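Dumped target28.txt below, it's compact mmCIF, C-alpha atoms and all ligand atoms:
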```txt
# COMPACT_ATOMS: atom_id res chain seq x y z
CA MET V 4 -6.11 -23.65 -1.77
CA ASP V 5 -8.68 -21.12 -2.88
CA GLU V 6 -7.43 -19.87 -6.24
CA THR V 7 -9.08 -16.47 -5.80
CA ARG V 8 -7.06 -15.56 -2.68
CA GLY V 9 -4.67 -12.67 -3.10
CA LYS V 10 -6.22 -11.85 -6.45
CA LEU V 11 -8.44 -9.22 -7.97
CA THR V 12 -12.13 -9.87 -8.60
CA LYS V 13 -13.58 -9.06 -12.03
CA ASP V 14 -14.53 -5.69 -10.55
CA GLY V 15 -10.87 -5.05 -9.70
CA ILE V 16 -11.36 -5.53 -5.96
CA GLN V 17 -8.41 -7.00 -4.03
CA LEU V 18 -9.07 -10.18 -2.05
CA TYR V 19 -6.72 -10.33 0.91
CA GLU V 20 -5.52 -13.46 2.71
CA PRO V 21 -6.86 -14.62 6.09
CA GLY V 22 -3.44 -13.77 7.56
CA ASP V 23 -3.82 -10.15 6.38
CA PHE V 24 -6.64 -9.45 8.83
CA GLU V 25 -4.14 -9.11 11.71
CA GLY V 26 -2.34 -6.20 10.05
CA MET V 27 -5.65 -4.39 9.50
CA ARG V 28 -6.68 -5.10 13.09
CA ARG V 29 -3.53 -3.45 14.42
CA ALA V 30 -3.74 -0.42 12.13
CA GLY V 31 -7.45 0.00 12.80
CA ARG V 32 -6.99 -0.29 16.55
CA LEU V 33 -4.31 2.41 16.53
CA ALA V 34 -6.52 4.84 14.58
CA ALA V 35 -9.41 4.12 16.97
CA GLU V 36 -7.20 4.59 20.06
CA ILE V 37 -6.18 7.99 18.76
CA LEU V 38 -9.83 8.98 18.31
CA ASP V 39 -10.46 7.81 21.88
CA ALA V 40 -7.52 9.81 23.24
CA ILE V 41 -8.62 13.18 21.85
CA ILE V 42 -12.09 13.06 23.44
CA PRO V 43 -11.08 15.29 26.42
CA MET V 44 -9.51 17.87 24.08
CA VAL V 45 -12.75 18.66 22.28
CA GLU V 46 -13.95 21.67 24.28
CA PRO V 47 -15.06 25.23 23.53
CA GLY V 48 -11.93 27.41 23.18
CA GLN V 49 -9.81 24.63 21.67
CA THR V 50 -8.44 25.01 18.14
CA THR V 51 -8.78 22.31 15.51
CA GLY V 52 -5.04 22.76 14.83
CA ALA V 53 -4.16 21.79 18.42
CA ILE V 54 -6.25 18.62 18.14
CA ASP V 55 -4.50 17.75 14.87
CA ALA V 56 -1.05 18.37 16.39
CA GLU V 57 -1.86 15.93 19.20
CA ILE V 58 -3.05 13.36 16.64
CA GLU V 59 0.19 13.72 14.69
CA ARG V 60 2.22 13.30 17.88
CA MET V 61 0.36 10.09 18.80
CA VAL V 62 0.78 8.61 15.31
CA THR V 63 4.53 9.20 15.49
CA GLU V 64 4.80 7.93 19.06
CA ALA V 65 3.15 4.66 17.98
CA GLY V 66 5.79 4.12 15.31
CA ALA V 67 3.20 4.63 12.59
CA GLN V 68 2.82 7.21 9.81
CA SER V 69 -0.02 9.51 8.89
CA ALA V 70 -1.59 8.48 5.59
CA THR V 71 -2.88 11.99 4.98
CA ILE V 72 0.32 14.03 5.39
CA GLY V 73 1.65 14.35 1.85
CA TYR V 74 -1.45 12.76 0.32
CA LYS V 75 -2.19 14.86 -2.81
CA GLY V 76 -0.47 17.75 -1.05
CA TYR V 77 -2.54 17.55 2.14
CA GLN V 78 -0.43 18.59 5.13
CA HIS V 79 -2.25 17.38 8.25
CA ALA V 80 -2.67 14.16 10.23
CA SER V 81 -6.46 14.51 10.36
CA CYS V 82 -9.43 16.12 8.71
CA ILE V 83 -11.61 18.09 11.14
CA SER V 84 -14.99 19.04 9.72
CA VAL V 85 -17.07 21.44 11.84
CA ASN V 86 -20.86 21.97 11.55
CA HIS V 87 -21.78 22.47 7.86
CA VAL V 88 -18.39 21.13 6.69
CA VAL V 89 -19.15 17.73 5.16
CA CYS V 90 -15.58 16.35 5.04
CA HIS V 91 -11.92 17.22 4.44
CA GLY V 92 -11.98 20.19 6.82
CA ILE V 93 -8.41 21.46 7.29
CA PRO V 94 -7.28 21.79 10.93
CA GLY V 95 -5.94 25.21 11.85
CA GLU V 96 -6.61 28.36 13.85
CA LYS V 97 -10.36 27.79 14.02
CA VAL V 98 -11.55 27.99 17.65
CA LEU V 99 -14.35 25.63 18.70
CA LYS V 100 -17.38 27.24 20.31
CA ASP V 101 -20.14 25.85 22.51
CA GLY V 102 -22.53 23.66 20.51
CA ASP V 103 -20.20 23.00 17.57
CA ILE V 104 -20.30 19.45 16.20
CA LEU V 105 -17.26 18.07 14.42
CA ASN V 106 -16.02 15.00 12.62
CA VAL V 107 -12.42 13.98 13.22
CA ASP V 108 -11.05 11.59 10.57
CA VAL V 109 -7.70 9.84 11.06
CA THR V 110 -5.87 7.43 8.77
CA VAL V 111 -2.69 5.73 9.95
CA ILE V 112 -0.23 3.41 8.24
CA LEU V 113 1.12 0.74 10.59
CA ASP V 114 3.53 -1.84 9.16
CA GLY V 115 2.16 -1.05 5.69
CA TRP V 116 -1.52 -1.46 6.62
CA PHE V 117 -4.01 1.42 6.51
CA GLY V 118 -6.52 2.12 9.32
CA ASP V 119 -9.13 4.77 8.47
CA THR V 120 -11.87 5.89 10.87
CA SER V 121 -13.85 8.96 11.89
CA ARG V 122 -16.38 9.94 14.52
CA MET V 123 -18.49 12.87 15.63
CA TYR V 124 -17.54 15.02 18.64
CA VAL V 125 -19.28 17.93 20.35
CA ALA V 126 -17.76 21.03 21.92
CA GLY V 127 -19.80 21.84 25.03
CA LYS V 128 -23.55 21.33 24.96
CA LEU V 129 -25.04 19.29 22.13
CA PRO V 130 -27.92 21.07 20.36
CA ARG V 131 -31.05 18.91 20.02
CA LYS V 132 -31.24 18.92 16.20
CA ALA V 133 -27.53 18.08 15.97
CA GLU V 134 -28.09 15.17 18.34
CA ARG V 135 -30.72 13.70 16.02
CA LEU V 136 -28.40 14.10 13.02
CA ILE V 137 -25.51 12.41 14.84
CA GLU V 138 -27.70 9.53 16.05
CA VAL V 139 -29.09 8.89 12.57
CA THR V 140 -25.63 9.04 10.96
CA HIS V 141 -24.15 6.55 13.41
CA GLU V 142 -27.11 4.20 13.05
CA ALA V 143 -26.85 4.50 9.25
CA LEU V 144 -23.21 3.36 9.36
CA MET V 145 -24.06 0.42 11.60
CA ARG V 146 -26.95 -0.63 9.33
CA GLY V 147 -24.58 -0.49 6.37
CA ILE V 148 -22.09 -2.68 8.22
CA ALA V 149 -24.88 -5.12 9.14
CA ALA V 150 -25.41 -5.68 5.39
CA VAL V 151 -21.81 -6.84 4.94
CA ARG V 152 -21.58 -10.59 4.37
CA PRO V 153 -20.45 -12.82 1.49
CA GLY V 154 -23.11 -12.99 -1.22
CA ASN V 155 -24.61 -9.58 -0.46
CA THR V 156 -23.70 -6.70 -2.77
CA PHE V 157 -22.34 -3.18 -2.35
CA GLY V 158 -25.78 -1.96 -3.42
CA ASP V 159 -27.24 -3.72 -0.37
CA ILE V 160 -24.91 -1.65 1.85
CA GLY V 161 -25.85 1.59 0.12
CA HIS V 162 -29.54 0.78 0.25
CA ALA V 163 -29.44 0.00 3.98
CA ILE V 164 -27.85 3.40 4.63
CA GLN V 165 -29.96 5.46 2.24
CA SER V 166 -33.32 4.01 3.24
CA PHE V 167 -32.65 4.60 6.93
CA VAL V 168 -31.39 8.17 6.44
CA GLU V 169 -34.18 9.22 4.09
CA GLY V 170 -36.74 7.52 6.35
CA ASN V 171 -35.59 10.03 8.96
CA ARG V 172 -36.04 12.88 6.46
CA MET V 173 -32.32 13.58 6.19
CA SER V 174 -30.14 13.27 3.08
CA VAL V 175 -27.14 11.15 2.05
CA VAL V 176 -24.20 12.95 0.42
CA ARG V 177 -23.56 11.56 -3.09
CA ASP V 178 -20.34 13.43 -3.88
CA PHE V 179 -18.05 11.36 -1.60
CA CYS V 180 -17.92 7.65 -0.95
CA GLY V 181 -16.14 4.92 0.98
CA HIS V 182 -13.29 3.00 -0.63
CA GLY V 183 -11.31 -0.18 -0.69
CA LEU V 184 -8.16 -0.03 1.45
CA GLY V 185 -5.54 -2.39 2.85
CA ARG V 186 -1.95 -1.92 1.79
CA VAL V 187 -3.17 1.20 -0.05
CA PHE V 188 -5.29 4.16 1.07
CA HIS V 189 -7.89 4.32 -1.69
CA ALA V 190 -8.60 1.33 -3.93
CA PRO V 191 -11.64 -0.04 -5.78
CA PRO V 192 -14.51 -0.21 -5.21
CA ASN V 193 -16.20 3.12 -4.60
CA VAL V 194 -18.45 2.29 -1.65
CA LEU V 195 -21.60 4.31 -2.31
CA HIS V 196 -23.83 5.23 0.61
CA TYR V 197 -26.95 4.95 -1.53
CA GLY V 198 -28.15 2.30 -3.95
CA ARG V 199 -30.52 -0.46 -4.86
CA PRO V 200 -30.55 -3.93 -3.30
CA GLY V 201 -28.78 -6.63 -5.30
CA THR V 202 -26.82 -4.18 -7.48
CA GLY V 203 -23.07 -3.61 -7.62
CA PRO V 204 -20.18 -6.00 -6.97
CA VAL V 205 -20.82 -9.10 -4.85
CA LEU V 206 -19.06 -9.15 -1.45
CA GLU V 207 -16.43 -11.85 -1.00
CA PRO V 208 -14.29 -12.90 1.97
CA GLY V 209 -11.02 -10.97 2.07
CA MET V 210 -12.39 -7.64 0.82
CA PHE V 211 -11.27 -4.69 2.97
CA PHE V 212 -13.04 -1.33 2.64
CA THR V 213 -14.44 1.66 4.48
CA ILE V 214 -18.04 2.66 4.98
CA GLU V 215 -18.26 6.37 5.81
CA PRO V 216 -21.69 7.90 5.26
CA MET V 217 -22.05 11.69 5.31
CA VAL V 218 -25.57 12.80 6.24
CA ASN V 219 -27.03 16.31 5.93
CA LEU V 220 -29.99 17.82 7.77
CA GLY V 221 -30.84 19.67 4.55
CA ARG V 222 -30.13 18.92 0.93
CA PRO V 223 -27.40 16.49 -0.22
CA GLU V 224 -25.46 18.87 -2.50
CA THR V 225 -21.93 19.89 -1.54
CA LYS V 226 -19.30 22.28 -2.85
CA VAL V 227 -15.54 22.44 -2.33
CA LEU V 228 -14.12 25.74 -1.05
CA ALA V 229 -11.26 27.69 -2.65
CA ASP V 230 -8.71 25.81 -0.50
CA ASP V 231 -9.48 22.81 -2.79
CA TRP V 232 -10.22 20.54 0.20
CA THR V 233 -13.01 21.77 2.48
CA ALA V 234 -16.35 20.33 1.33
CA VAL V 235 -19.44 22.09 2.69
CA THR V 236 -23.20 21.69 2.30
CA ARG V 237 -24.44 24.07 -0.39
CA ASP V 238 -27.44 25.00 1.74
CA LYS V 239 -25.25 25.50 4.86
CA SER V 240 -27.18 22.78 6.72
CA LEU V 241 -25.44 20.71 9.39
CA SER V 242 -23.61 17.57 8.26
CA ALA V 243 -22.32 14.52 10.15
CA GLN V 244 -20.17 11.48 9.31
CA TYR V 245 -18.97 8.23 10.86
CA GLU V 246 -16.39 5.88 9.32
CA HIS V 247 -15.21 2.34 10.02
CA SER V 248 -12.70 0.17 8.17
CA VAL V 249 -14.10 -3.36 7.78
CA GLY V 250 -13.19 -6.74 6.34
CA VAL V 251 -15.49 -9.37 4.86
CA THR V 252 -15.12 -12.69 6.71
CA GLU V 253 -16.33 -16.18 5.69
CA ASP V 254 -19.67 -15.56 7.39
CA GLY V 255 -20.01 -11.81 7.93
CA VAL V 256 -17.90 -8.79 8.80
CA GLU V 257 -15.07 -7.75 11.09
CA ILE V 258 -14.83 -4.09 12.13
CA PHE V 259 -11.16 -3.11 12.38
CA THR V 260 -11.70 0.32 13.94
CA LEU V 261 -13.89 -0.41 16.96
CA SER V 262 -13.09 1.84 19.92
CA PRO V 263 -10.99 -0.01 22.52
CA ALA V 264 -12.52 2.35 25.10
CA GLY V 265 -16.06 1.71 23.85
CA ARG V 266 -16.33 5.39 22.87
CA PHE V 267 -16.97 5.23 19.12
CA HIS V 268 -20.42 6.58 19.86
CA PRO V 269 -21.16 8.55 21.88
CA THR V 270 -17.89 10.42 22.28
CA TYR V 271 -19.67 12.87 24.59
CA GLY V 272 -21.75 12.70 27.75
N1 LIG L 1 -9.62 9.83 5.62
C1 LIG L 1 -10.32 10.31 4.47
C2 LIG L 1 -11.14 9.15 3.97
O1 LIG L 1 -11.95 8.68 4.72
C3 LIG L 1 -9.41 10.82 3.40
C4 LIG L 1 -8.76 12.08 3.76
S1 LIG L 1 -7.68 12.51 2.51
C5 LIG L 1 -7.07 13.97 3.05
O2 LIG L 1 -10.99 8.62 2.90
F1 LIG L 1 -6.06 14.21 2.30
F2 LIG L 1 -8.01 14.89 2.98
F3 LIG L 1 -6.69 13.87 4.32
CO CO L 2 -12.02 6.66 4.24
CO CO L 3 -11.30 8.66 6.74
```
Could you write out this file's structure as structure tokens?
Ligand code: MF3
Ligand code: CO
Ligand code: CO
Amino acid sequence: MDETRGKLTKDGIQLYEPGDFEGMRRAGRLAAEILDAIIPMVEPGQTTGAIDAEIERMVTEAGAQSATIGYKGYQHASCISVNHVVCHGIPGEKVLKDGDILNVDVTVILDGWFGDTSRMYVAGKLPRKAERLIEVTHEALMRGIAAVRPGNTFGDIGHAIQSFVEGNRMSVVRDFCGHGLGRVFHAPPNVLHYGRPGTGPVLEPGMFFTIEPMVNLGRPETKVLADDWTAVTRDKSLSAQYEHSVGVTEDGVEIFTLSPAGRFHPTYG
């Protein structure tokens, strides 16, 4: 019996049991199915509030709960972040118009396990510069995930993301990060989307966390609007984000939030 199982590392990171992967798989799959199901709704003329209402309905129908409703006073089943909104956009009366790009972020709780994932969507025709941003952001996430294996560090993940994004002359947001999750929504460590190789906590089997890089076409700085949630780019440049929940296995990584429909990216076209 491995004595470290079910314990905290010296960095305060929970190590889950092999049997815990199944709960994360089920929660992650549900969150991903919901992101698949809303694809046809994302059209010019649609409101972000209507998309959120459908997400809430699907969470309830699945016998799950929304992790975000009631979280620090947040009242919606998703965050919907349009154009220069970096994250935590509040769904509401906003009407999507042709060429808008948006991130939809859903977190469900199924049988006590948290599944957290987000993707980019497009209303109508995708503008060329937005397409490049979305491609780079998705590829940055997947390069970060490719750095997940026992013995690597969280700095290796951040470095893989940052070097790819900056190599494409875009910027990585520093003000928000990924997070441990499992039976809780947000746990140690902070998963930074920038960093130096070999730095930070060492990855061990049984760690569950998100990787969720936010990438801006312009500068990395953000500010939070007066609603206390909506984070936007200070320079009003376009921003994109993708998020997966993952687990460290004995020899690599398992992605819990892959799209059952194969539509994680692209969600359009
Ligand atoms: N799902 C977001 C994340 O990736 C958190 C949203 S918290 C909310 O961590 F309250 F804004 F919904
Ligand atoms: Co998250
Ligand atoms: Co999320």
- Exercise: Ala133 of chain V partners within 9 Å, all atoms listed in the file, chain neighbours under 6 positions left out, as a PyMOL selection string: chain V and resi 86+102-104+220+241-243
- Spatial neighbours of Ala80 of chain V, max dist 10 Å, all atoms listed in the file, sep filter under 6 positions, as a PyMOL selection string: chain V and resi 54-62+68-73+93-94+108-111
- Nearest to Glu46 of chain V, chosen from V:Arg122, V:His268, V:Lys128, V:Arg237, with only C-alpha atoms counted in the distances: V:Lys128
- Would you mind listing what lies within 7 Å of Ser240 of chain V as a PyMOL selection string, with all atoms listed in the file counted and same-chain residues fewer than 3 positions away left out? chain V and resi 87+219-221+236
How would the residues just picked look written out with C-alpha atoms as an mmCIF file, in the frame of the given file?
```cif
data_model
loop_
_atom_site.group_PDB
_atom_site.id
_atom_site.type_symbol
_atom_site.label_atom_id
_atom_site.label_comp_id
_atom_site.auth_asym_id
_atom_site.auth_seq_id
_atom_site.Cartn_x
_atom_site.Cartn_y
_atom_site.Cartn_z
ATOM 1 C CA HIS V 87 -21.780 22.470 7.860
ATOM 2 C CA ASN V 219 -27.030 16.310 5.930
ATOM 3 C CA LEU V 220 -29.990 17.820 7.770
ATOM 4 C CA GLY V 221 -30.840 19.670 4.550
ATOM 5 C CA THR V 236 -23.200 21.690 2.300
#
```
- Using all atoms listed in the file, determine which residues lie at most 6 Å from Val88 of chain V, disregarding the query and same-chain residues fewer than 3 positions distant; provide the list as a PyMOL selection string. chain V and resi 84-85+234-235
- Rank V:Thr233, V:Ser248, V:Thr156, V:Thr63 by their smallest atom-to-atom distance to His189 of chain V, using only C-alpha atoms, and report the top residue only.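 Counting only C-alpha atoms, the residue closest to His189 of chain V is V:Ser248.
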- How many Å separate atom CA of Glu64 of chain V from atom CA of Gly22 of chain V?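 Pair atom CA of Glu64 of chain V / atom CA of Gly22 of chain V returns 25.9 Å.
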At a cut-off of 7 Å, can you tabulate as JSON lines every residue of segment 91-159 of chain V near segment 163-166 of chain V together with its closest atom pair and the distance in Å to one decimal, using all atoms listed in the file and ordering rows by chain then number?
```
{"residue": "V:Ala143", "atom": "CA", "partner": "V:Ile164", "partner_atom": "CA", "distance": 4.9}
{"residue": "V:Leu144", "atom": "CA", "partner": "V:Ile164", "partner_atom": "CA", "distance": 6.6}
{"residue": "V:Arg146", "atom": "CA", "partner": "V:Ala163", "partner_atom": "CA", "distance": 5.9}
{"residue": "V:Gly147", "atom": "CA", "partner": "V:Ile164", "partner_atom": "CA", "distance": 5.4}
{"residue": "V:Asp159", "atom": "CA", "partner": "V:Ala163", "partner_atom": "CA", "distance": 6.1}
```
- Item | Which residue of V:Thr50, V:Phe179, V:Lys132, V:His79 approaches Val98 of chain V most closely, using only C-alpha atoms | V:Thr50
- Across V:Val194, V:Leu99, V:Val45, V:Val125, the smallest distance to Pro216 of chain V, with all atoms listed in the file counted, is shown by V:Val194
- Message: To check your reading of the model: which residues sit at most 7 Å from ligand CO 2 (chain L) when counting all atoms listed in the file? Write the answer as an MDAnalysis selection string.
- Response: chainID V and resid 119:120 181:182 213 215 246
- Query: Nearest to Gly95 of chain V: which of V:Leu184, V:Val218, V:Ala53, V:Ile16 is it, counting only C-alpha atoms?
  - Reply: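 Residue with the minimum atom-to-atom distance to Gly95 of chain V: V:Ala53.
Nearest residue to ligand CO 3 (chain L), choosing from V:Arg177, V:Ala149, V:Lys97, V:Ser121 and counting all atoms listed in the file: V:Ser121.
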- Message: What's the separation between atom CA of Gly203 of chain V and atom CA of Gly255 of chain V, in Å to one decimal place?
- Response: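 Atom CA of Gly255 of chain V lies 17.8 Å from atom CA of Gly203 of chain V.
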- Item | Contacts of Asp39 of chain V within 9 Å, all atoms listed in the file, excl. fewer than 3 positions in-chain, as number ranges by chain | V: 34-36, 42-43, 262-267, 270
- Go ahead and compute the interatomic distance for atom CA of Gly158 of chain V and atom CA of Cys180 of chain V, in Å to one decimal.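 Atom-to-atom, atom CA of Gly158 of chain V and atom CA of Cys180 of chain V are spaced 12.7 Å apart.
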Calculate, to one decimal in Å, the centre and edge lengths of the box along x, y and z of the file that holds all listed atoms of ligand LIG 1 (chain L) with 6 Å of margin on each side, and present them as AutoDock Vina command-line options.
```
--center_x -9.0 --center_y 11.8 --center_z 4.0 --size_x 17.9 --size_y 18.3 --size_z 15.3
```
- Do you know which residues lie at most 9 Å from (-17.9, -8.8, 9.0), with coordinates as in the file and only C-alpha atoms counted, and could you write them as a list of chain:residue names?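 Using only C-alpha atoms, the matching residues come out as V:Ile148, V:Ala149, V:Ala150, V:Val151, V:Arg152, V:Pro153, V:Pro208, V:Val249, V:Gly250, V:Val251, V:Thr252, V:Glu253, V:Asp254, V:Gly255, V:Val256, V:Glu257, V:Ile258.
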